[in-house]
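In what follows, a single structure is set out as structure tokens and then discussed.
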Amino acid sequence: MNERLTRTEVPVEATWDLSVIFAGWEEWEAELLSLRADIEGVTRYRGKLAESAEMLAACLDALEAYQIRLQQASAYSRLHLSGEGSNSDYQARSAAMGDLGAEAAAELSFVRSELMDIADETLDEWMERSEALAAFRIMLTNLRRAKPYRLSAETEAALAGLSEVLGAPERIYSRSKLSDMSFAPVKDGQGQEHPLSFATFETGLELSSDPVLRHNAYASFSATLRQYRNTFAAVYSTEVKRQVVLSRLRGYESVTDMLLLPQQVTKDMYAAVLDTLFLELAPHMRRYARLKQRVFGLPRMTYADLRAPLDPDYSPLATYEEAAEIVRKALGVMGDEYGAIIDDMLTNRRIDYADNIGKSTGAFCSSTFGLPSFILMTWAGSIRSAFTLAHELGHAGHLTLAARYQRATDARPTLYFIEAPSTMNELLLTDYLRGQSDDPRYQRVVVEGLLSTYYHNFVTHLLEGVYQRRVYAAAEAGEALTAAKLSSLFGQVLAEFWGDAVELDEDASLTWMRQPHYYRGLYPYTYAAGLTASTAVAAMIREEGQPAVDRWLTVLKAGGSLSPLELMKLAGVNMEDPAAIRSAAAYVGDLVTELEQGYGSE
């Protein structure tokens, strides 16, 4: 059996170099001491914000500079922990960073409270005559939206001080996944044993072409999940209760209203993504499942078979180095400035693609103002891994450009838009790969790689979003969120979506335990919203060429200086029109049809 490596055993070139943030832990610890002392540079404005536009602008400048430093220090400890979550020293330093963050949040909460006490008319007049204050117009405008839901200054300070405690559910969930859960090794069809973990299951064994290995991995993985289902249910239900209590405390109509407000999205837009795709995508994905069943020669299609590739013996991108070069070329259409960002990411160890014990699962891009972006992923030697690399580089390119052209307070758009630039890169990679060969087998593999993108965003995350909505409804109705209840709700979502095309066992209902997105507000559905927009923009780039690329680059540089709807409209997409969502679902149907034709009729 190939044993999984420890962090010190993996090749250093496959890990990220965080020395660009701090030279080492001594420098980081010195910065924490400085941050504790330097907070006085902001708190000295307490009680003075209503005095003048100049005083308010000076405070906001000081606050912005302080928060940038705080975020950079946090990134250093967080990224170390993501690479090796089982490291007790990293856990301790992360806890220290969390304590400092909570202390700072409590101390700095006066800014928000005092700002909300200033009359809108006064703020408008001040911004008209003060260029320094007008630079914060977007931040101040967004703050006004939450004005009806504010609490007393004392209560806001108390909540800010409890932020580390209130954020405990996600940390407990992540720590359990990375440090406490262990899985029995599994055997393949030839009797060879394979180690199993969250990372090896989700990036490899779940996608294995060996049905024996695939089903053994699914059984072993599910067996461990079952052991933790009551613990995870308690953690998740605590997170949901926290959100429900806060929404009621602040006077929102529902927890959904509270979570959508910072996204600048209406409930109708939120529902349109979930309902339209759930209804219109299901028939296409059922056809896809039946195609796989036929090609695999399976007597029945099970949940454990859904991710298996149609042509497992053929992968045009076998190594990380090959994929990195292909992705670099595919993104060349974005121009020199964007390309330089990608080059930096690929050549200066900004990407951690090793597989080691304790490493965070999944993939993410960490972008902190004033720092390079850093990407975490696990290279699995498949074309799917190449799409993951392109996806995360999309976040890096986007947020690097946004930080370059916007100030810190305006650099990051809301969650509703955040997944559009990342999924766009996957579509650009597909278009590039499609042009490299006319070989039918090659074309089918590329199409299936793209379908994996839509599966990830339009199925995995979409169903999470539908499930999340039902969980909130149950919680607000006073129902207990036990493990049985949570599993029942997820099982119902799966059954409604897949119909009779997929045989679902009880273990399929445990899928809710696998994702951290539920701890980040209404995040899951935004993957589908972003891919809907990028699908439309990618079609424009194919049709128009450079003008569409230029519009897209303008959108990326705008960061959060525009609302998500404004950003998408600037790119040429109207997300208030359900036609864009239906068009994206129809495009998925076309891809499935192309594969059906490629593999012949029944």
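We name chains A, B, ... following the order of the structure tokens; residues begin at 1 in each chain, and ligands are numbered from 1 as shown.
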Filtered DSSP result for stretch 159-277 of chain A, state alpha helix (DSSP H), as a CSV table (one decimal) with N, CA and C atoms, in the first residue's frame:
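Saved to selection35.csv:
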```csv
chain,number,residue,atom,x,y,z
A,159,LEU,N,-21.0,41.3,20.6
A,159,LEU,CA,-21.0,40.3,19.6
A,159,LEU,C,-19.7,40.2,18.8
A,160,ALA,N,-19.1,41.3,18.6
A,160,ALA,CA,-17.8,41.4,18.0
A,160,ALA,C,-16.7,40.7,18.8
A,161,GLY,N,-16.8,40.9,20.1
A,161,GLY,CA,-15.9,40.2,21.0
A,161,GLY,C,-16.1,38.7,21.1
A,163,SER,N,-16.8,36.9,18.5
A,163,SER,CA,-16.7,36.4,17.1
A,163,SER,C,-15.9,35.1,17.1
A,164,GLU,N,-14.9,35.0,17.9
A,164,GLU,CA,-14.1,33.7,17.9
A,164,GLU,C,-15.0,32.6,18.4
A,165,VAL,N,-15.8,32.8,19.4
A,165,VAL,CA,-16.7,31.8,19.9
A,165,VAL,C,-17.8,31.5,18.9
A,166,LEU,N,-18.4,32.5,18.3
A,166,LEU,CA,-19.5,32.3,17.4
A,166,LEU,C,-19.0,31.6,16.1
A,168,ALA,N,-16.9,29.2,16.1
A,168,ALA,CA,-16.4,27.9,16.5
A,168,ALA,C,-16.9,26.7,15.7
A,169,PRO,N,-18.2,26.7,15.3
A,169,PRO,CA,-18.7,25.5,14.6
A,169,PRO,C,-17.9,25.2,13.3
A,170,GLU,N,-17.5,26.1,12.5
A,170,GLU,CA,-16.7,25.8,11.3
A,170,GLU,C,-15.3,25.3,11.7
A,171,ARG,N,-14.7,25.8,12.8
A,171,ARG,CA,-13.4,25.3,13.2
A,171,ARG,C,-13.5,23.9,13.7
A,172,ILE,N,-14.5,23.6,14.5
A,172,ILE,CA,-14.7,22.3,15.0
A,172,ILE,C,-14.9,21.3,13.9
A,173,TYR,N,-15.7,21.7,12.9
A,173,TYR,CA,-16.0,20.8,11.8
A,173,TYR,C,-14.7,20.6,11.0
A,174,SER,N,-13.9,21.6,10.7
A,174,SER,CA,-12.7,21.4,9.9
A,174,SER,C,-11.7,20.6,10.7
A,175,ARG,N,-11.5,20.9,12.0
A,175,ARG,CA,-10.6,20.2,12.8
A,175,ARG,C,-10.9,18.7,12.9
A,198,PHE,N,-10.1,12.0,3.4
A,198,PHE,CA,-11.0,12.9,2.6
A,198,PHE,C,-10.4,13.3,1.3
A,199,ALA,N,-9.1,13.6,1.3
A,199,ALA,CA,-8.5,14.1,0.1
A,199,ALA,C,-8.4,13.0,-1.0
A,200,THR,N,-7.9,11.8,-0.5
A,200,THR,CA,-7.8,10.7,-1.5
A,200,THR,C,-9.1,10.2,-2.1
A,201,PHE,N,-10.2,10.3,-1.2
A,201,PHE,CA,-11.5,9.9,-1.7
A,201,PHE,C,-12.0,10.9,-2.7
A,202,GLU,N,-12.0,12.2,-2.4
A,202,GLU,CA,-12.7,13.1,-3.2
A,202,GLU,C,-11.9,13.5,-4.5
A,203,THR,N,-10.6,13.3,-4.5
A,203,THR,CA,-9.8,13.7,-5.7
A,203,THR,C,-9.4,12.4,-6.5
A,211,PRO,N,-14.5,-0.5,-10.4
A,211,PRO,CA,-15.7,-0.5,-9.6
A,211,PRO,C,-15.5,-1.1,-8.2
A,212,VAL,N,-14.6,-2.1,-8.1
A,212,VAL,CA,-14.4,-2.7,-6.8
A,212,VAL,C,-13.7,-1.6,-5.9
A,213,LEU,N,-12.7,-0.9,-6.3
A,213,LEU,CA,-12.1,0.1,-5.5
A,213,LEU,C,-13.0,1.2,-5.2
A,214,ARG,N,-13.8,1.6,-6.2
A,214,ARG,CA,-14.7,2.8,-6.1
A,214,ARG,C,-15.7,2.5,-5.0
A,215,HIS,N,-16.3,1.3,-5.0
A,215,HIS,CA,-17.4,0.9,-4.1
A,215,HIS,C,-16.8,0.6,-2.7
A,216,ASN,N,-15.6,0.0,-2.7
A,216,ASN,CA,-15.0,-0.2,-1.4
A,216,ASN,C,-14.6,1.1,-0.7
A,217,ALA,N,-14.1,2.1,-1.5
A,217,ALA,CA,-13.8,3.4,-0.9
A,217,ALA,C,-15.1,4.1,-0.4
A,218,TYR,N,-16.1,4.0,-1.2
A,218,TYR,CA,-17.4,4.6,-0.8
A,218,TYR,C,-17.9,4.0,0.5
A,219,ALA,N,-17.8,2.7,0.6
A,219,ALA,CA,-18.3,2.0,1.8
A,219,ALA,C,-17.4,2.4,3.1
A,220,SER,N,-16.1,2.4,2.9
A,220,SER,CA,-15.2,2.8,4.0
A,220,SER,C,-15.4,4.2,4.4
A,221,PHE,N,-15.5,5.1,3.4
A,221,PHE,CA,-15.7,6.5,3.7
A,221,PHE,C,-17.0,6.8,4.4
A,222,SER,N,-18.0,6.1,3.9
A,222,SER,CA,-19.3,6.3,4.6
A,222,SER,C,-19.4,5.7,6.0
A,223,ALA,N,-18.7,4.7,6.2
A,223,ALA,CA,-18.6,4.0,7.5
A,223,ALA,C,-18.1,5.0,8.6
A,224,THR,N,-17.0,5.7,8.2
A,224,THR,CA,-16.5,6.7,9.1
A,224,THR,C,-17.4,7.9,9.3
A,225,LEU,N,-18.0,8.4,8.2
A,225,LEU,CA,-18.9,9.5,8.3
A,225,LEU,C,-20.0,9.1,9.3
A,226,ARG,N,-20.6,7.9,9.2
A,226,ARG,CA,-21.6,7.5,10.1
A,226,ARG,C,-21.2,7.6,11.6
A,227,GLN,N,-20.0,7.3,11.9
A,227,GLN,CA,-19.5,7.4,13.3
A,227,GLN,C,-19.5,8.8,13.8
A,228,TYR,N,-19.5,9.8,12.9
A,228,TYR,CA,-19.4,11.2,13.3
A,228,TYR,C,-20.7,12.0,13.1
A,229,ARG,N,-21.8,11.3,12.6
A,229,ARG,CA,-22.9,12.0,12.1
A,229,ARG,C,-23.6,12.8,13.3
A,230,ASN,N,-23.6,12.2,14.5
A,230,ASN,CA,-24.3,13.0,15.6
A,230,ASN,C,-23.5,14.2,16.0
A,231,THR,N,-22.1,14.0,16.0
A,231,THR,CA,-21.3,15.2,16.3
A,231,THR,C,-21.4,16.3,15.3
A,232,PHE,N,-21.3,15.9,14.0
A,232,PHE,CA,-21.4,16.9,12.9
A,232,PHE,C,-22.8,17.5,12.9
A,233,ALA,N,-23.8,16.8,13.2
A,233,ALA,CA,-25.2,17.3,13.3
A,233,ALA,C,-25.3,18.4,14.4
A,234,ALA,N,-24.7,18.1,15.5
A,234,ALA,CA,-24.7,19.0,16.6
A,234,ALA,C,-23.9,20.3,16.3
A,235,VAL,N,-22.8,20.1,15.6
A,235,VAL,CA,-22.0,21.3,15.2
A,235,VAL,C,-22.8,22.1,14.1
A,236,TYR,N,-23.3,21.5,13.1
A,236,TYR,CA,-24.1,22.2,12.1
A,236,TYR,C,-25.3,22.9,12.6
A,237,SER,N,-26.1,22.1,13.5
A,237,SER,CA,-27.3,22.7,14.0
A,237,SER,C,-27.0,23.9,14.9
A,238,THR,N,-25.8,23.9,15.6
A,238,THR,CA,-25.4,25.1,16.3
A,238,THR,C,-25.1,26.3,15.4
A,239,GLU,N,-24.5,26.0,14.3
A,239,GLU,CA,-24.3,27.1,13.3
A,239,GLU,C,-25.6,27.7,12.8
A,240,VAL,N,-26.5,26.8,12.5
A,240,VAL,CA,-27.8,27.3,12.0
A,240,VAL,C,-28.6,28.1,13.0
A,241,LYS,N,-28.5,27.6,14.3
A,241,LYS,CA,-29.2,28.3,15.4
A,241,LYS,C,-28.6,29.7,15.6
A,242,ARG,N,-27.3,29.7,15.5
A,242,ARG,CA,-26.6,31.0,15.6
A,242,ARG,C,-27.1,32.0,14.6
A,243,GLN,N,-27.2,31.6,13.3
A,243,GLN,CA,-27.7,32.4,12.3
A,243,GLN,C,-29.2,32.8,12.5
A,244,VAL,N,-30.0,31.9,12.9
A,244,VAL,CA,-31.4,32.1,13.1
A,244,VAL,C,-31.6,33.1,14.3
A,245,VAL,N,-30.9,32.9,15.4
A,245,VAL,CA,-31.0,33.8,16.5
A,245,VAL,C,-30.5,35.2,16.1
A,246,LEU,N,-29.4,35.3,15.4
A,246,LEU,CA,-28.9,36.7,15.0
A,246,LEU,C,-29.9,37.4,14.1
A,247,SER,N,-30.5,36.6,13.2
A,247,SER,CA,-31.4,37.2,12.3
A,247,SER,C,-32.7,37.8,13.0
A,248,ARG,N,-33.1,37.0,14.0
A,248,ARG,CA,-34.3,37.5,14.8
A,248,ARG,C,-33.9,38.6,15.7
A,249,LEU,N,-32.7,38.6,16.3
A,249,LEU,CA,-32.2,39.6,17.2
A,249,LEU,C,-32.1,40.9,16.4
A,250,ARG,N,-31.7,40.9,15.2
A,250,ARG,CA,-31.5,42.1,14.4
A,250,ARG,C,-32.8,42.5,13.7
A,255,VAL,N,-33.7,34.3,8.2
A,255,VAL,CA,-32.2,34.2,8.2
A,255,VAL,C,-31.7,34.4,6.7
A,256,THR,N,-32.6,34.0,5.8
A,256,THR,CA,-32.2,34.2,4.4
A,256,THR,C,-32.1,35.7,4.0
A,257,ASP,N,-33.0,36.5,4.5
A,257,ASP,CA,-32.9,37.9,4.3
A,257,ASP,C,-31.6,38.5,4.8
A,258,MET,N,-31.2,38.0,6.0
A,258,MET,CA,-30.0,38.5,6.7
A,258,MET,C,-28.8,38.1,5.8
A,259,LEU,N,-28.7,36.9,5.3
A,259,LEU,CA,-27.5,36.4,4.6
A,259,LEU,C,-27.5,37.0,3.2
A,260,LEU,N,-28.6,37.3,2.6
A,260,LEU,CA,-28.6,37.9,1.3
A,260,LEU,C,-28.2,39.4,1.2
A,267,LYS,N,-34.4,38.0,-2.8
A,267,LYS,CA,-34.8,36.6,-2.6
A,267,LYS,C,-35.3,36.0,-3.9
A,268,ASP,N,-35.8,36.8,-4.8
A,268,ASP,CA,-36.3,36.3,-6.1
A,268,ASP,C,-35.1,35.8,-6.9
A,269,MET,N,-34.0,36.6,-6.9
A,269,MET,CA,-32.8,36.2,-7.7
A,269,MET,C,-32.2,34.9,-7.1
A,270,TYR,N,-32.2,34.8,-5.8
A,270,TYR,CA,-31.7,33.6,-5.1
A,270,TYR,C,-32.6,32.4,-5.4
A,271,ALA,N,-33.9,32.6,-5.4
A,271,ALA,CA,-34.8,31.5,-5.7
A,271,ALA,C,-34.7,31.1,-7.1
A,272,ALA,N,-34.5,32.1,-8.0
A,272,ALA,CA,-34.5,31.8,-9.5
A,272,ALA,C,-33.3,30.8,-9.8
A,273,VAL,N,-32.2,31.0,-9.2
A,273,VAL,CA,-31.0,30.1,-9.4
A,273,VAL,C,-31.3,28.7,-9.0
A,274,LEU,N,-31.8,28.6,-7.7
A,274,LEU,CA,-32.1,27.3,-7.2
A,274,LEU,C,-33.2,26.6,-7.9
A,275,ASP,N,-34.3,27.2,-8.1
A,275,ASP,CA,-35.5,26.6,-8.7
A,275,ASP,C,-35.4,26.3,-10.2
A,276,THR,N,-34.8,27.2,-10.9
A,276,THR,CA,-34.7,27.0,-12.4
A,276,THR,C,-33.7,25.9,-12.7
A,277,LEU,N,-32.6,25.9,-12.1
A,277,LEU,CA,-31.6,24.9,-12.4
A,277,LEU,C,-32.1,23.5,-11.8
```
Residues of stretch 44-71 of chain A within 10 Å of stretch 112-123 of chain A: nearest atom pair and distance (Å, one decimal) for each, counting only C-alpha atoms, sorted by chain and number, as a tab-separated table?
```
residue	atom	partner	partner_atom	distance
A:Arg46	CA	A:Glu114	CA	8.3
A:Gly47	CA	A:Glu114	CA	7.4
A:Lys48	CA	A:Glu114	CA	8.5
A:Leu49	CA	A:Glu114	CA	6.5
A:Ala50	CA	A:Ile118	CA	6.3
A:Glu51	CA	A:Ile118	CA	9.8
A:Ser52	CA	A:Thr122	CA	9.6
A:Ala53	CA	A:Leu123	CA	8.0
A:Leu56	CA	A:Leu115	CA	8.5
```
May I have the selected residues written with C-alpha atoms, as a compact mmCIF listing (two decimals), in the first residue's frame?
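Saved the output as part-v1.txt:
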```
# COMPACT_ATOMS: atom_id res chain seq x y z
CA ARG A 46 -13.71 56.80 19.40
CA GLY A 47 -16.51 59.26 20.13
CA LYS A 48 -15.28 61.73 17.49
CA LEU A 49 -16.61 60.42 14.18
CA ALA A 50 -19.60 62.74 14.10
CA GLU A 51 -17.44 65.83 14.54
CA SER A 52 -16.46 66.37 10.90
CA ALA A 53 -15.87 64.81 7.50
CA LEU A 56 -14.33 60.49 9.87
```
**Report entry** Near-stretch 583-587 of chain A list (8 Å; only C-alpha atoms; drop same-chain fewer than 2 positions) as a PyMOL selection string
**Finding:** chain A and resi 277+280-281+532+535-536+579-581+589-591
Closest atom pairs, stretch 486-542 of chain A residues within 12 Å of stretch 282-303 of chain A, only C-alpha atoms, as CSV:
```
residue,atom,partner,partner_atom,distance
A:Gly491,CA,A:Tyr303,CA,11.4
A:Val493,CA,A:Ala282,CA,11.4
A:Leu494,CA,A:Tyr303,CA,9.7
A:Ala495,CA,A:Ala282,CA,10.8
A:Glu496,CA,A:Ala282,CA,8.7
A:Phe497,CA,A:Ala282,CA,5.5
A:Trp498,CA,A:Arg286,CA,6.0
A:Gly499,CA,A:Arg286,CA,7.7
A:Asp500,CA,A:Arg286,CA,8.3
A:Ala501,CA,A:Arg286,CA,5.5
A:Val502,CA,A:Met301,CA,5.1
A:Glu503,CA,A:Thr302,CA,4.7
A:Leu504,CA,A:Tyr303,CA,5.8
A:Asp505,CA,A:Tyr303,CA,7.5
A:Glu506,CA,A:Tyr303,CA,10.1
A:Asp507,CA,A:Tyr303,CA,8.9
A:Ala508,CA,A:Tyr303,CA,6.5
A:Ser509,CA,A:Tyr303,CA,10.0
A:Leu510,CA,A:Tyr303,CA,11.5
A:Thr511,CA,A:Tyr303,CA,10.5
```
Mind dumping the selected residues with N, CA and C atoms as a CSV table (one decimal), in the first residue's frame?
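Written file, out_10.csv:
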```csv
chain,number,residue,atom,x,y,z
A,491,GLY,N,-31.4,13.5,1.7
A,491,GLY,CA,-31.9,12.3,0.9
A,491,GLY,C,-33.1,12.7,0.0
A,493,VAL,N,-33.7,15.7,-1.2
A,493,VAL,CA,-33.2,16.5,-2.3
A,493,VAL,C,-32.6,15.6,-3.4
A,494,LEU,N,-31.8,14.7,-3.0
A,494,LEU,CA,-31.1,13.8,-4.0
A,494,LEU,C,-32.2,13.0,-4.8
A,495,ALA,N,-33.2,12.5,-4.1
A,495,ALA,CA,-34.2,11.6,-4.7
A,495,ALA,C,-35.0,12.5,-5.7
A,496,GLU,N,-35.3,13.7,-5.4
A,496,GLU,CA,-36.1,14.5,-6.3
A,496,GLU,C,-35.3,14.9,-7.5
A,497,PHE,N,-34.0,15.1,-7.3
A,497,PHE,CA,-33.2,15.5,-8.5
A,497,PHE,C,-32.9,14.3,-9.4
A,498,TRP,N,-32.5,13.2,-8.9
A,498,TRP,CA,-32.0,12.1,-9.7
A,498,TRP,C,-33.2,11.2,-10.1
A,499,GLY,N,-34.3,11.2,-9.5
A,499,GLY,CA,-35.4,10.4,-9.9
A,499,GLY,C,-35.0,8.9,-9.9
A,500,ASP,N,-35.5,8.2,-10.9
A,500,ASP,CA,-35.2,6.7,-11.0
A,500,ASP,C,-33.9,6.5,-11.7
A,501,ALA,N,-33.1,7.5,-12.1
A,501,ALA,CA,-31.9,7.3,-12.8
A,501,ALA,C,-30.7,6.8,-12.0
A,502,VAL,N,-30.8,7.1,-10.7
A,502,VAL,CA,-29.7,6.7,-9.7
A,502,VAL,C,-30.3,6.0,-8.5
A,503,GLU,N,-29.7,4.9,-8.2
A,503,GLU,CA,-30.2,4.1,-7.0
A,503,GLU,C,-29.5,4.8,-5.8
A,504,LEU,N,-30.2,5.3,-4.8
A,504,LEU,CA,-29.7,6.0,-3.7
A,504,LEU,C,-29.8,5.1,-2.4
A,505,ASP,N,-28.6,4.9,-1.8
A,505,ASP,CA,-28.7,4.2,-0.5
A,505,ASP,C,-28.6,5.2,0.7
A,506,GLU,N,-28.7,4.7,1.9
A,506,GLU,CA,-28.7,5.6,3.0
A,506,GLU,C,-27.4,6.4,3.2
A,507,ASP,N,-26.3,5.8,2.7
A,507,ASP,CA,-25.0,6.5,2.8
A,507,ASP,C,-25.0,7.8,1.9
A,508,ALA,N,-25.8,7.8,0.9
A,508,ALA,CA,-25.8,9.0,0.0
A,508,ALA,C,-26.3,10.2,0.8
A,509,SER,N,-27.2,9.9,1.7
A,509,SER,CA,-27.8,11.0,2.5
A,509,SER,C,-26.8,11.7,3.5
A,510,LEU,N,-25.6,11.0,3.6
A,510,LEU,CA,-24.6,11.6,4.5
A,510,LEU,C,-23.8,12.6,3.8
A,511,THR,N,-24.0,12.9,2.5
A,511,THR,CA,-23.2,13.8,1.8
A,511,THR,C,-23.2,15.2,2.4
```
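Minimum atom-to-atom distances from A:Leu18, A:Leu63, A:Ala477, A:Ile341 to A:Ala75 were compared using only C-alpha atoms, and the lowest value belongs to A:Leu18.
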Give me the stretch 426-449 of chain A side of the contact with stretch 369-388 of chain A, cut-off 8 Å, one line per residue showing its nearest atom pair and distance in Å at one decimal, counting only C-alpha atoms, sorted by chain and residue number, as a Markdown table.
```
| residue | atom | partner | partner_atom | distance |
| --- | --- | --- | --- | --- |
| A:Glu426 | CA | A:Phe387 | CA | 5.6 |
| A:Leu429 | CA | A:Phe387 | CA | 7.3 |
| A:Val446 | CA | A:Ile383 | CA | 7.9 |
| A:Gly449 | CA | A:Arg384 | CA | 5.9 |
```
Query raised in the report: Where in stretch 307-373 of chain A does DSSP assign strand (DSSP E or B), given as a list in words?
Result: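 Matching residues for strand (DSSP E or B) in stretch 307-373 of chain A are Ile351, Asp352, Asn356, Phe364, Cys365 and Ser366 of chain A.
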Quick one: write out the picked residues with C-alpha atoms as a compact mmCIF listing (two decimals), in the first residue's frame?
```txt
# COMPACT_ATOMS: atom_id res chain seq x y z
CA ILE A 351 0.38 26.87 -5.33
CA ASP A 352 0.31 24.02 -2.81
CA ASN A 356 -0.05 15.08 2.75
CA PHE A 364 -9.31 27.24 -2.46
CA CYS A 365 -7.57 30.48 -3.37
CA SER A 366 -6.60 32.80 -0.53
```
Report task. Name all residues at most 10 Å from A:Gly335 (count only C-alpha atoms; drop same-chain ones fewer than 4 positions away) and give them as a ChimeraX atom specification. Result -> /A:331,339-340,546,549-550,553
Requested in this report: For A:Pro309, please output as number ranges by chain all residues within 8 Å (counting only C-alpha atoms; exclusion window: fewer than 3 positions along the same chain).
Outcome: A: 207-209, 312, 448
Mind dumping the selected residues with N, CA and C atoms as a short mmCIF file (atom, residue, chain, number, x, y, z; two decimals), in the first residue's frame?
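What follows is the written file part_33.cif:
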```cif
data_model
loop_
_atom_site.label_atom_id
_atom_site.label_comp_id
_atom_site.auth_asym_id
_atom_site.auth_seq_id
_atom_site.Cartn_x
_atom_site.Cartn_y
_atom_site.Cartn_z
N LEU A 207 -13.45 8.78 -8.01
CA LEU A 207 -13.45 8.88 -9.47
C LEU A 207 -12.79 7.67 -10.12
N SER A 208 -12.48 6.65 -9.35
CA SER A 208 -11.75 5.51 -9.88
C SER A 208 -12.56 4.75 -10.93
N SER A 209 -11.86 4.23 -11.94
CA SER A 209 -12.52 3.41 -12.97
C SER A 209 -12.70 1.97 -12.51
N PRO A 312 -11.62 6.18 -18.59
CA PRO A 312 -10.61 6.32 -17.54
C PRO A 312 -9.18 6.06 -17.99
N GLU A 448 -16.17 15.83 -21.20
CA GLU A 448 -16.50 15.29 -19.88
C GLU A 448 -15.80 16.10 -18.78
#
```
Which polymer residues have any atom within 8 Å of an atom of A:Asp17, counting only C-alpha atoms, with same-chain residues fewer than 2 positions away left out, as a PDB file with C-alpha atoms, in the first residue's frame?
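Saved the output as result_27.pdb:
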```
ATOM      1  CA  THR A  15       4.131  23.341  -1.386  1.00  0.00           C
ATOM      2  CA  SER A  19       7.935  33.707   3.353  1.00  0.00           C
ATOM      3  CA  VAL A  20       6.637  36.540   1.179  1.00  0.00           C
ATOM      4  CA  ASN A 348       6.969  31.378  -7.495  1.00  0.00           C
ATOM      5  CA  ARG A 349       5.462  28.598  -5.361  1.00  0.00           C
ATOM      6  CA  ARG A 350       2.111  30.231  -4.822  1.00  0.00           C
TER       7      ARG A 350
END
```
Query raised in the report: If you measure from atom CA of A:Asp438 to atom CA of A:Tyr314, what distance in Å do you get, rounded to one decimal?
Result: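 If I compute the distance from atom CA of A:Asp438 to atom CA of A:Tyr314, I get 15.2 Å.
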